[in-house]
>>> print(open('upload.pdb').read())   # PDB, C-alpha atoms, pLDDT in the B column
ATOM      1  CA  MET A 956      -0.237  10.790  -7.663  1.00 62.00           C
ATOM      2  CA  PRO A 957      -2.573   9.190  -5.076  1.00 74.00           C
ATOM      3  CA  LEU A 958      -6.359   9.404  -5.439  1.00 74.00           C
ATOM      4  CA  PRO A 959      -8.289  11.621  -3.043  1.00 86.00           C
ATOM      5  CA  VAL A 960      -9.908   9.757  -0.165  1.00 87.00           C
ATOM      6  CA  SER A 961     -13.433  10.592  -1.400  1.00 90.00           C
ATOM      7  CA  TRP A 962     -12.810   8.898  -4.765  1.00 90.00           C
ATOM      8  CA  LEU A 963     -11.335   5.874  -3.028  1.00 91.00           C
ATOM      9  CA  ALA A 964     -14.395   5.651  -0.741  1.00 93.00           C
ATOM     10  CA  LEU A 965     -16.809   5.939  -3.678  1.00 94.00           C
ATOM     11  CA  GLY A 966     -14.926   3.225  -5.559  1.00 93.00           C
ATOM     12  CA  ALA A 967     -15.042   0.903  -2.544  1.00 95.00           C
ATOM     13  CA  LEU A 968     -18.766   1.557  -2.130  1.00 96.00           C
ATOM     14  CA  ALA A 969     -19.362   0.755  -5.798  1.00 97.00           C
ATOM     15  CA  VAL A 970     -17.430  -2.522  -5.473  1.00 97.00           C
ATOM     16  CA  VAL A 971     -19.430  -3.549  -2.389  1.00 97.00           C
ATOM     17  CA  LEU A 972     -22.765  -2.703  -4.054  1.00 97.00           C
ATOM     18  CA  VAL A 973     -21.848  -4.682  -7.180  1.00 97.00           C
ATOM     19  CA  LEU A 974     -20.853  -7.659  -5.016  1.00 97.00           C
ATOM     20  CA  ILE A 975     -24.155  -7.541  -3.092  1.00 96.00           C
ATOM     21  CA  TRP A 976     -26.165  -7.283  -6.317  1.00 95.00           C
ATOM     22  CA  GLY A 977     -24.226 -10.137  -7.932  1.00 94.00           C
ATOM     23  CA  LEU A 978     -24.556 -12.456  -4.934  1.00 93.00           C
ATOM     24  CA  ALA A 979     -28.301 -11.726  -4.668  1.00 89.00           C
ATOM     25  CA  ALA A 980     -28.775 -12.507  -8.366  1.00 89.00           C
ATOM     26  CA  ALA A 981     -26.796 -15.746  -7.996  1.00 89.00           C
ATOM     27  CA  ALA A 982     -28.830 -16.758  -4.929  1.00 87.00           C
ATOM     28  CA  ARG A 983     -32.100 -16.200  -6.823  1.00 83.00           C
ATOM     29  CA  ARG A 984     -30.816 -18.061  -9.882  1.00 85.00           C
ATOM     30  CA  PHE A 985     -29.735 -21.132  -7.914  1.00 84.00           C
ATOM     31  CA  GLY A 986     -32.823 -21.187  -5.678  1.00 79.00           C
ATOM     32  CA  LEU A 987     -31.077 -20.138  -2.477  1.00 80.00           C
ATOM     33  CA  ALA A 988     -33.317 -17.084  -1.994  1.00 70.00           C
ATOM     34  CA  PRO A 989     -37.106 -17.293  -2.243  1.00 67.00           C
ATOM     35  CA  ALA A 990     -38.522 -15.110  -4.986  1.00 59.00           C
ATOM     36  CA  ALA A 991     -41.412 -12.840  -4.032  1.00 60.00           C
ATOM     37  CA  ARG A 992     -44.730 -14.140  -5.338  1.00 59.00           C
ATOM     38  CA  VAL A 993     -46.141 -11.218  -7.275  1.00 56.00           C
ATOM     39  CA  THR A 994     -49.714 -11.227  -8.562  1.00 54.00           C
ATOM     40  CA  ALA A 995     -50.915  -9.763 -11.838  1.00 56.00           C
ATOM     41  CA  THR A 996     -51.905  -6.531 -10.058  1.00 56.00           C
ATOM     42  CA  GLY A 997     -48.331  -6.029  -8.885  1.00 56.00           C
ATOM     43  CA  GLY A 998     -48.932  -6.825  -5.218  1.00 60.00           C
ATOM     44  CA  LEU A 999     -47.912  -9.793  -3.134  1.00 63.00           C
ATOM     45  CA  GLY A1000     -51.433 -11.189  -3.109  1.00 76.00           C
ATOM     46  CA  LEU A1001     -52.628  -9.511   0.097  1.00 84.00           C
ATOM     47  CA  ALA A1002     -55.217  -6.737  -0.083  1.00 86.00           C
ATOM     48  CA  VAL A1003     -57.924  -5.130   2.030  1.00 89.00           C
ATOM     49  CA  VAL A1004     -61.242  -5.822   0.292  1.00 88.00           C
ATOM     50  CA  ALA A1005     -63.527  -4.098   2.793  1.00 90.00           C
ATOM     51  CA  SER A1006     -63.366  -2.560   6.242  1.00 92.00           C
ATOM     52  CA  VAL A1007     -66.194  -1.433   8.506  1.00 93.00           C
ATOM     53  CA  ALA A1008     -66.054   0.280  11.905  1.00 93.00           C
ATOM     54  CA  LEU A1009     -68.035  -1.640  14.515  1.00 92.00           C
ATOM     55  CA  ASP A1010     -67.471   0.895  17.288  1.00 91.00           C
ATOM     56  CA  PRO A1011     -64.837   3.593  18.033  1.00 91.00           C
ATOM     57  CA  ARG A1012     -62.167   0.947  18.724  1.00 92.00           C
ATOM     58  CA  ARG A1013     -62.964  -2.151  16.681  1.00 93.00           C
ATOM     59  CA  ARG A1014     -63.135  -2.834  12.954  1.00 93.00           C
ATOM     60  CA  ALA A1015     -64.105  -5.853  10.889  1.00 93.00           C
ATOM     61  CA  VAL A1016     -61.719  -6.220   7.953  1.00 93.00           C
ATOM     62  CA  LEU A1017     -62.135  -8.522   4.969  1.00 91.00           C
ATOM     63  CA  LEU A1018     -58.735  -9.401   3.500  1.00 90.00           C
ATOM     64  CA  ARG A1019     -57.909 -11.114   0.215  1.00 87.00           C
ATOM     65  CA  CYS A1020     -54.969 -13.479   0.501  1.00 84.00           C
ATOM     66  CA  GLY A1021     -54.256 -14.867  -2.958  1.00 78.00           C
ATOM     67  CA  ALA A1022     -57.564 -16.330  -4.140  1.00 78.00           C
ATOM     68  CA  ARG A1023     -59.029 -16.736  -0.626  1.00 85.00           C
ATOM     69  CA  HIS A1024     -60.724 -14.263   1.728  1.00 88.00           C
ATOM     70  CA  VAL A1025     -60.395 -13.995   5.506  1.00 91.00           C
ATOM     71  CA  LEU A1026     -62.401 -11.988   8.052  1.00 92.00           C
ATOM     72  CA  VAL A1027     -60.389 -10.305  10.852  1.00 94.00           C
ATOM     73  CA  LEU A1028     -61.593  -8.321  13.883  1.00 93.00           C
ATOM     74  CA  THR A1029     -59.074  -5.655  14.953  1.00 93.00           C
ATOM     75  CA  GLY A1030     -58.783  -2.986  17.634  1.00 91.00           C
ATOM     76  CA  GLY A1031     -59.892  -4.851  20.750  1.00 83.00           C
ATOM     77  CA  PRO A1032     -57.645  -6.230  23.488  1.00 88.00           C
ATOM     78  CA  GLN A1033     -56.358  -8.624  20.835  1.00 89.00           C
ATOM     79  CA  ASP A1034     -56.963  -9.062  17.113  1.00 90.00           C
ATOM     80  CA  LEU A1035     -59.058 -12.070  16.118  1.00 92.00           C
ATOM     81  CA  LEU A1036     -59.102 -14.097  12.934  1.00 91.00           C
ATOM     82  CA  LEU A1037     -62.816 -14.852  12.646  1.00 90.00           C
ATOM     83  CA  GLY A1038     -62.447 -17.300   9.789  1.00 90.00           C
ATOM     84  CA  TRP A1039     -61.930 -17.930   6.123  1.00 88.00           C
ATOM     85  CA  VAL A1040     -64.831 -17.055   3.827  1.00 84.00           C
ATOM     86  CA  ALA A1041     -66.165 -20.025   1.867  1.00 76.00           C
ATOM     87  CA  GLU A1042     -65.253 -20.021  -1.829  1.00 69.00           C
ATOM     88  CA  GLY A1043     -68.823 -19.489  -3.061  1.00 65.00           C
ATOM     89  CA  ASN A1044     -69.529 -16.685  -0.552  1.00 62.00           C
ATOM     90  CA  ALA A1045     -66.579 -14.459  -1.409  1.00 58.00           C
ATOM     91  CA  PRO A1046     -67.578 -10.970  -2.586  1.00 60.00           C
ATOM     92  CA  ALA A1047     -66.963  -9.911  -6.162  1.00 62.00           C
ATOM     93  CA  ILE A1048     -63.911  -7.665  -6.267  1.00 59.00           C
ATOM     94  CA  PRO A1049     -64.330  -4.856  -8.815  1.00 60.00           C
ATOM     95  CA  THR A1050     -61.601  -4.439 -11.376  1.00 55.00           C
ATOM     96  CA  ALA A1051     -59.792  -1.124 -11.872  1.00 56.00           C
ATOM     97  CA  ALA A1052     -61.947  -0.394 -14.945  1.00 56.00           C
ATOM     98  CA  GLU A1053     -65.157  -0.981 -12.963  1.00 59.00           C
ATOM     99  CA  LYS A1054     -63.940   1.293 -10.168  1.00 60.00           C
ATOM    100  CA  GLN A1055     -63.357   4.081 -12.714  1.00 63.00           C
ATOM    101  CA  GLY A1056     -66.782   3.625 -14.254  1.00 62.00           C
ATOM    102  CA  GLY A1057     -65.647   1.971 -17.452  1.00 53.00           C
ATOM    103  CA  GLY A1058     -67.035  -1.396 -16.531  1.00 48.00           C
TER     104      GLY A1058
END
>>> encode(input="upload.pdb", output="structure tokens")
Amino acid sequence: MPLPVSWLALGALAVVLVLIWGLAAAARRFGLAPAARVTATGGLGLAVVASVALDPRRRAVLLRCGARHVLVLTGGPQDLLLGWVAEGNAPAIPTAAEKQGGG
């Protein structure tokens, strides 16, 4: 007795998904696919530290990129990277405990 078409389609989908998962795992294992660089906080190392509105259109945004900080001006005719903040001048980033008042 032949299988209904819906069961055949679900089986084919399962086979394709298992193949994709297996090939992705093999690519990561053998270095063919770059692994995402995840920080201890669970992000990819990019975060908005502070943002301030300069006028109704433009904002100055301080971004953390890994261990470095960069100042960006957004909202004008084009966005501008104003520069990297020197290591000693970077603001202290509060931890989650400090933000909740446990710090």
>>> atom_distance(input="upload.pdb", atom1="CA of Ser961 (chain A)", atom2="CA of Ala980 (chain A)")
28.6 Å
>>> axis_aligned_box(input="upload.pdb", around="region 960-973 of chain A", padding_each_side="4 Å", output="JSON")
{"center_x": -16.3, "center_y": 3.0, "center_z": -3.7, "size_x": 20.9, "size_y": 23.3, "size_z": 15.0}
>>> resolve_selection(input="upload.pdb", expression="the PyMOL selection byres ((chain A and resi 1024) around 10)", output="PyMOL selection string")
chain A and resi 1001-1004+1017-1023+1025-1027+1038-1042+1044-1046
>>> write_last_selection(input="upload.pdb", atoms="C-alpha atoms", output="PDB file, keeping the file's coordinate frame")
ATOM      1  CA  LEU A1001     -52.628  -9.511   0.097  1.00 84.00           C
ATOM      2  CA  ALA A1002     -55.217  -6.737  -0.083  1.00 86.00           C
ATOM      3  CA  VAL A1003     -57.924  -5.130   2.030  1.00 89.00           C
ATOM      4  CA  VAL A1004     -61.242  -5.822   0.292  1.00 88.00           C
ATOM      5  CA  LEU A1017     -62.135  -8.522   4.969  1.00 91.00           C
ATOM      6  CA  LEU A1018     -58.735  -9.401   3.500  1.00 90.00           C
ATOM      7  CA  ARG A1019     -57.909 -11.114   0.215  1.00 87.00           C
ATOM      8  CA  CYS A1020     -54.969 -13.479   0.501  1.00 84.00           C
ATOM      9  CA  GLY A1021     -54.256 -14.867  -2.958  1.00 78.00           C
ATOM     10  CA  ALA A1022     -57.564 -16.330  -4.140  1.00 78.00           C
ATOM     11  CA  ARG A1023     -59.029 -16.736  -0.626  1.00 85.00           C
ATOM     12  CA  VAL A1025     -60.395 -13.995   5.506  1.00 91.00           C
ATOM     13  CA  LEU A1026     -62.401 -11.988   8.052  1.00 92.00           C
ATOM     14  CA  VAL A1027     -60.389 -10.305  10.852  1.00 94.00           C
ATOM     15  CA  GLY A1038     -62.447 -17.300   9.789  1.00 90.00           C
ATOM     16  CA  TRP A1039     -61.930 -17.930   6.123  1.00 88.00           C
ATOM     17  CA  VAL A1040     -64.831 -17.055   3.827  1.00 84.00           C
ATOM     18  CA  ALA A1041     -66.165 -20.025   1.867  1.00 76.00           C
ATOM     19  CA  GLU A1042     -65.253 -20.021  -1.829  1.00 69.00           C
ATOM     20  CA  ASN A1044     -69.529 -16.685  -0.552  1.00 62.00           C
ATOM     21  CA  ALA A1045     -66.579 -14.459  -1.409  1.00 58.00           C
ATOM     22  CA  PRO A1046     -67.578 -10.970  -2.586  1.00 60.00           C
TER      23      PRO A1046
END
>>> atom_distance(input="upload.pdb", atom1="CA of Leu965 (chain A)", atom2="CA of Ala982 (chain A)")
25.7 Å
>>> atom_distance(input="upload.pdb", atom1="CA of Val971 (chain A)", atom2="CA of Gly986 (chain A)")
22.4 Å
>>> residues_near_point(input="upload.pdb", point="(-64.5, -2.5, 12.7)", cutoff="12 Å", atoms="all atoms listed in the file", output="PyMOL selection string")
chain A and resi 1005-1017+1026-1031+1034-1035
